[in-house]
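*Asks:* Before anything else, here's the structure in question.
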Amino acid sequence: MTITPSNTQEDANNKANNEIVATESSSREIENHPFAPVLPPNATIMMMGTFPPTSDKWAMSFHYPNFYNDMWRIYGRVFFDDADYFRVGDEKRFDPERIRNFMFERGIASCPTVKQAIREKDNASDKNLTVVTPVDLDVILPQVPKVATLFTTGGKATEVLLGLLDKPIAKSKHPKTNQSMDYPYQWQDADNKKMDVNDLTLYRLPSTSRAYPLSLDKKVAAYQAFFERMGKL
């Protein structure tokens with residue numbers, strides 16, 4: 001006679017539920033980052049975020065496309081003392097060409113840290129983003145040979161970049177918001193030889209999402225202090 005434990009049915013139900021969750025997760029679409037990097041050849045610093053919101057939230061086809069993300073208001077305030085400097089009149093959108101031209105003029109590159117990702121939920125929250133393919137710095141850095149500083153726009157981007165280093169860094173030693181650290185990245189050339197790039201520095205700046213609990217004025221102050229330090233102001 002076989003005695004069946006009383007929790008067998010419960011275990012079976014849990015297994016079935018887990019399989020449903022796994023199937024739902026695995027069936028979610030792998031998305032490619034929709035925007036090409038902005039890589040001015042004279043760039044000395046490079047901004048690195050993660051992934052844009054779903055396309056229904058876009059006000060333009062360019063980095064930080066959501067009109068309610070404050071990135072381009074911050075740039076407008078910092079460089080021109082005008083939060084609406086990059087805005088198109090009274091429309092709820094920014095001008096991507098004006099932004100792009102500004103970045104080339106000031107030597108500021110922009111490249112996402114994530115090439116492919118899965119949204120575990122249909123939003124832009126980094127905590128619900130599964131990174132499938134991170135940025136290939138071996139391809140990007142040689143295109144901006146003057147870049148000596150990378151700056152991230154939140155914790156997830158910082159985590160992705162630090163995950164690309166040869167030697168892991170404990171999360172407790174990751175830079176906090178408005179802090180920096182040496183970034184000893186080595187890239188491989190066409191012959192798979194490891195080459196030193198510039199002595200890179202990694203700065204972590206505040207997220208410009210309105211979900212991030214910091215006032216616009218304090219975000220502007222943080223970005224202004226960074227750009228002053230980088231000699232851009």
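All residue names refer to the structure tokens as shown: chains lettered A, B, ... in order, residues numbered from 1 in each chain, ligands numbered from 1 in order.
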Please provide as a PyMOL selection string all residues within 8 Å of A:His33, with the sequence filter that same-chain residues fewer than 3 positions apart are discarded (counting only C-alpha atoms).

*Replies:* chain A and resi 36+51-52+112+114-117

*Asks:* Once you have the residues from the selection above, write them out as an mmCIF file, in the first residue's frame, restricted to N, CA and C atoms.

*Replies:*
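Output contents, as saved in again-v2.cif:
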data_model
loop_
_atom_site.group_PDB
_atom_site.id
_atom_site.type_symbol
_atom_site.label_atom_id
_atom_site.label_comp_id
_atom_site.auth_asym_id
_atom_site.auth_seq_id
_atom_site.Cartn_x
_atom_site.Cartn_y
_atom_site.Cartn_z
ATOM 1 N N ALA A 36 19.333 54.272 -32.440
ATOM 2 C CA ALA A 36 20.781 54.115 -32.629
ATOM 3 C C ALA A 36 21.527 55.046 -31.685
ATOM 4 N N PHE A 51 16.380 51.519 -21.379
ATOM 5 C CA PHE A 51 15.428 51.146 -22.415
ATOM 6 C C PHE A 51 14.270 52.137 -22.401
ATOM 7 N N PRO A 52 13.758 52.517 -23.568
ATOM 8 C CA PRO A 52 12.649 53.476 -23.608
ATOM 9 C C PRO A 52 11.323 52.807 -23.255
ATOM 10 N N PRO A 112 22.614 53.583 -25.201
ATOM 11 C CA PRO A 112 21.970 52.763 -24.175
ATOM 12 C C PRO A 112 22.870 51.623 -23.714
ATOM 13 N N VAL A 114 21.626 48.771 -22.923
ATOM 14 C CA VAL A 114 20.889 47.550 -23.250
ATOM 15 C C VAL A 114 20.523 47.529 -24.733
ATOM 16 N N LYS A 115 20.936 46.467 -25.432
ATOM 17 C CA LYS A 115 20.573 46.308 -26.844
ATOM 18 C C LYS A 115 19.276 45.537 -27.006
ATOM 19 N N GLN A 116 19.078 44.510 -26.176
ATOM 20 C CA GLN A 116 17.864 43.696 -26.243
ATOM 21 C C GLN A 116 17.372 43.431 -24.825
ATOM 22 N N ALA A 117 16.051 43.445 -24.677
ATOM 23 C CA ALA A 117 15.482 43.223 -23.348
ATOM 24 C C ALA A 117 14.076 42.656 -23.463
#

*Asks:* Excluding A:Phe227 and residues on its chain fewer than 5 positions from it, collect all residues at most 10 Å away from it, counting only C-alpha atoms, and give them as a VMD selection string.

*Replies:* chain A and resid 45 75 78 to 79 221 to 222 232 to 233

*Asks:* For A:Pro34, which residue out of A:Leu129, A:Ala83, A:Met71, A:Met60 is the nearest one, using only C-alpha atoms?

*Replies:*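 Smallest distance to A:Pro34 is found for A:Met60.
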
*Asks:* Which residues, written as a PyMOL selection string, have at least one atom at most 10 Å from A:Pro142, with only C-alpha atoms counted and residues fewer than 2 positions away on the same chain left out?

*Replies:* chain A and resi 41+137-140+144-147+187+189+197

*Asks:* Based on the selection just made, write C-alpha atoms of those residues as a PDB file, in the first residue's frame.

*Replies:*
ATOM      1  CA  PRO A  41      33.509  61.877 -32.925  1.00  0.00           C
ATOM      2  CA  LEU A 137      31.457  48.440 -25.695  1.00  0.00           C
ATOM      3  CA  ASP A 138      34.069  46.787 -27.920  1.00  0.00           C
ATOM      4  CA  VAL A 139      32.100  48.253 -30.832  1.00  0.00           C
ATOM      5  CA  ILE A 140      31.050  51.569 -29.279  1.00  0.00           C
ATOM      6  CA  VAL A 144      34.271  57.785 -29.548  1.00  0.00           C
ATOM      7  CA  PRO A 145      38.006  57.628 -28.771  1.00  0.00           C
ATOM      8  CA  LYS A 146      37.982  60.878 -26.785  1.00  0.00           C
ATOM      9  CA  VAL A 147      35.366  59.690 -24.297  1.00  0.00           C
ATOM     10  CA  TRP A 187      38.082  45.976 -25.068  1.00  0.00           C
ATOM     11  CA  ASP A 189      40.344  44.336 -31.015  1.00  0.00           C
ATOM     12  CA  VAL A 197      40.722  52.169 -23.649  1.00  0.00           C
TER      13      VAL A 197
END

*Asks:* For A:Ala148, which of A:Tyr203, A:Trp58, A:Trp72, A:Phe94 is the closest residue, counting only C-alpha atoms?

*Replies:*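 Ranked by minimum distance to A:Ala148, first place goes to A:Tyr203.
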
*Asks:* Just to confirm, what's the straight-line distance from atom CA of A:Ile99 to atom CA of A:Thr130 in Å (one decimal)?

*Replies:*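 Computed distance, atom CA of A:Ile99 to atom CA of A:Thr130, equals 28.7 Å.
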
*Asks:* From stretch 51-217 of chain A, collect each residue whose DSSP state is strand (DSSP E or B) and return the set as a PyMOL selection string.

*Replies:* chain A and resi 87+94+108-110+114-119+129-134+149-152+179-183+186-188+194-196+200-204

*Asks:* Would you output that residue set with N, CA, C and O atoms, as a tab-separated table (two decimals), in the first residue's frame?

*Replies:*
chain	number	residue	atom	x	y	z
A	87	ARG	N	11.75	71.93	-26.64
A	87	ARG	CA	10.34	71.64	-26.92
A	87	ARG	C	9.92	72.26	-28.25
A	87	ARG	O	10.44	73.31	-28.66
A	94	PHE	N	9.45	66.98	-27.96
A	94	PHE	CA	10.72	67.68	-28.12
A	94	PHE	C	11.21	67.50	-29.55
A	94	PHE	O	10.72	66.66	-30.29
A	108	ILE	N	28.76	65.46	-26.60
A	108	ILE	CA	28.12	64.56	-25.64
A	108	ILE	C	27.51	63.40	-26.40
A	108	ILE	O	26.63	63.59	-27.25
A	109	ALA	N	27.99	62.20	-26.13
A	109	ALA	CA	27.44	61.00	-26.78
A	109	ALA	C	26.31	60.43	-25.94
A	109	ALA	O	26.19	60.72	-24.75
A	110	SER	N	25.48	59.61	-26.59
A	110	SER	CA	24.41	58.92	-25.87
A	110	SER	C	24.29	57.51	-26.42
A	110	SER	O	24.12	57.33	-27.63
A	114	VAL	N	21.63	48.77	-22.92
A	114	VAL	CA	20.89	47.55	-23.25
A	114	VAL	C	20.52	47.53	-24.73
A	114	VAL	O	19.88	48.45	-25.23
A	115	LYS	N	20.94	46.47	-25.43
A	115	LYS	CA	20.57	46.31	-26.84
A	115	LYS	C	19.28	45.54	-27.01
A	115	LYS	O	18.46	45.84	-27.88
A	116	GLN	N	19.08	44.51	-26.18
A	116	GLN	CA	17.86	43.70	-26.24
A	116	GLN	C	17.37	43.43	-24.83
A	116	GLN	O	18.17	43.19	-23.91
A	117	ALA	N	16.05	43.44	-24.68
A	117	ALA	CA	15.48	43.22	-23.35
A	117	ALA	C	14.08	42.66	-23.46
A	117	ALA	O	13.44	42.70	-24.52
A	118	ILE	N	13.60	42.12	-22.34
A	118	ILE	CA	12.23	41.65	-22.22
A	118	ILE	C	11.55	42.48	-21.13
A	118	ILE	O	12.09	42.63	-20.03
A	119	ARG	N	10.40	43.03	-21.46
A	119	ARG	CA	9.61	43.73	-20.44
A	119	ARG	C	8.76	42.69	-19.72
A	119	ARG	O	7.89	42.08	-20.32
A	129	LEU	N	12.59	44.99	-16.07
A	129	LEU	CA	13.29	44.81	-17.33
A	129	LEU	C	14.31	43.69	-17.20
A	129	LEU	O	15.19	43.73	-16.33
A	130	THR	N	14.18	42.68	-18.04
A	130	THR	CA	15.17	41.60	-18.08
A	130	THR	C	16.12	41.87	-19.24
A	130	THR	O	15.69	41.91	-20.40
A	131	VAL	N	17.39	42.06	-18.94
A	131	VAL	CA	18.37	42.35	-19.98
A	131	VAL	C	18.75	41.06	-20.69
A	131	VAL	O	19.17	40.09	-20.07
A	132	VAL	N	18.59	41.05	-22.00
A	132	VAL	CA	18.95	39.90	-22.82
A	132	VAL	C	20.35	40.09	-23.41
A	132	VAL	O	21.20	39.21	-23.33
A	133	THR	N	20.59	41.26	-23.99
A	133	THR	CA	21.88	41.56	-24.61
A	133	THR	C	22.32	42.95	-24.18
A	133	THR	O	21.65	43.94	-24.51
A	134	PRO	N	23.43	43.08	-23.45
A	134	PRO	CA	23.91	44.41	-23.08
A	134	PRO	C	24.67	45.06	-24.24
A	134	PRO	O	24.95	44.43	-25.26
A	149	THR	N	34.69	59.63	-19.84
A	149	THR	CA	33.71	59.52	-18.76
A	149	THR	C	32.40	58.98	-19.28
A	149	THR	O	31.86	59.48	-20.27
A	150	LEU	N	31.89	57.96	-18.62
A	150	LEU	CA	30.55	57.44	-18.89
A	150	LEU	C	29.66	57.90	-17.75
A	150	LEU	O	30.08	57.87	-16.60
A	151	PHE	N	28.44	58.35	-18.06
A	151	PHE	CA	27.54	58.68	-16.97
A	151	PHE	C	26.19	58.02	-17.19
A	151	PHE	O	25.64	58.04	-18.28
A	152	THR	N	25.74	57.35	-16.15
A	152	THR	CA	24.50	56.60	-16.22
A	152	THR	C	23.35	57.43	-15.64
A	152	THR	O	23.56	58.35	-14.86
A	179	GLN	N	27.64	59.82	-7.29
A	179	GLN	CA	28.99	59.36	-6.98
A	179	GLN	C	29.65	58.81	-8.25
A	179	GLN	O	28.99	58.55	-9.26
A	180	SER	N	30.95	58.61	-8.18
A	180	SER	CA	31.70	58.10	-9.33
A	180	SER	C	32.71	57.05	-8.88
A	180	SER	O	32.98	56.88	-7.69
A	181	MET	N	33.26	56.34	-9.86
A	181	MET	CA	34.29	55.34	-9.58
A	181	MET	C	35.10	55.11	-10.85
A	181	MET	O	34.68	55.45	-11.96
A	182	ASP	N	36.29	54.56	-10.70
A	182	ASP	CA	37.08	54.16	-11.86
A	182	ASP	C	36.35	53.03	-12.58
A	182	ASP	O	35.71	52.18	-11.96
A	183	TYR	N	36.47	53.04	-13.91
A	183	TYR	CA	35.80	52.00	-14.71
A	183	TYR	C	36.86	51.34	-15.60
A	183	TYR	O	37.09	51.77	-16.74
A	186	GLN	N	38.30	46.89	-20.47
A	186	GLN	CA	39.25	46.57	-21.54
A	186	GLN	C	38.47	46.02	-22.71
A	186	GLN	O	37.55	45.22	-22.54
A	187	TRP	N	38.79	46.48	-23.90
A	187	TRP	CA	38.08	45.98	-25.07
A	187	TRP	C	39.01	45.11	-25.91
A	187	TRP	O	40.24	45.21	-25.82
A	188	GLN	N	38.41	44.25	-26.71
A	188	GLN	CA	39.18	43.36	-27.56
A	188	GLN	C	39.13	43.87	-28.99
A	188	GLN	O	38.06	44.22	-29.50
A	194	LYS	N	43.23	42.02	-25.95
A	194	LYS	CA	42.65	42.99	-25.04
A	194	LYS	C	43.46	44.28	-25.08
A	194	LYS	O	44.67	44.27	-24.98
A	195	MET	N	42.74	45.38	-25.25
A	195	MET	CA	43.38	46.68	-25.36
A	195	MET	C	42.79	47.61	-24.29
A	195	MET	O	41.60	47.60	-24.04
A	196	ASP	N	43.65	48.40	-23.68
A	196	ASP	CA	43.15	49.41	-22.75
A	196	ASP	C	42.48	50.53	-23.55
A	196	ASP	O	43.00	50.97	-24.58
A	200	LEU	N	38.85	55.18	-18.00
A	200	LEU	CA	37.47	55.63	-17.92
A	200	LEU	C	37.02	55.84	-16.48
A	200	LEU	O	37.46	55.15	-15.56
A	201	THR	N	36.10	56.78	-16.32
A	201	THR	CA	35.43	57.03	-15.05
A	201	THR	C	33.94	56.84	-15.27
A	201	THR	O	33.41	57.19	-16.32
A	202	LEU	N	33.28	56.26	-14.28
A	202	LEU	CA	31.84	56.05	-14.36
A	202	LEU	C	31.15	56.89	-13.29
A	202	LEU	O	31.46	56.78	-12.10
A	203	TYR	N	30.25	57.76	-13.73
A	203	TYR	CA	29.43	58.56	-12.83
A	203	TYR	C	28.01	58.04	-12.87
A	203	TYR	O	27.52	57.64	-13.92
A	204	ARG	N	27.35	58.07	-11.72
A	204	ARG	CA	25.92	57.74	-11.68
A	204	ARG	C	25.13	58.98	-11.32
A	204	ARG	O	25.33	59.57	-10.26

*Asks:* Given the choices A:Arg106, A:Lys218, A:Arg100, A:Lys156, which gets closest to A:Lys127 if the distance is worked out from only C-alpha atoms?

*Replies:*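 Closest candidate: A:Lys156.
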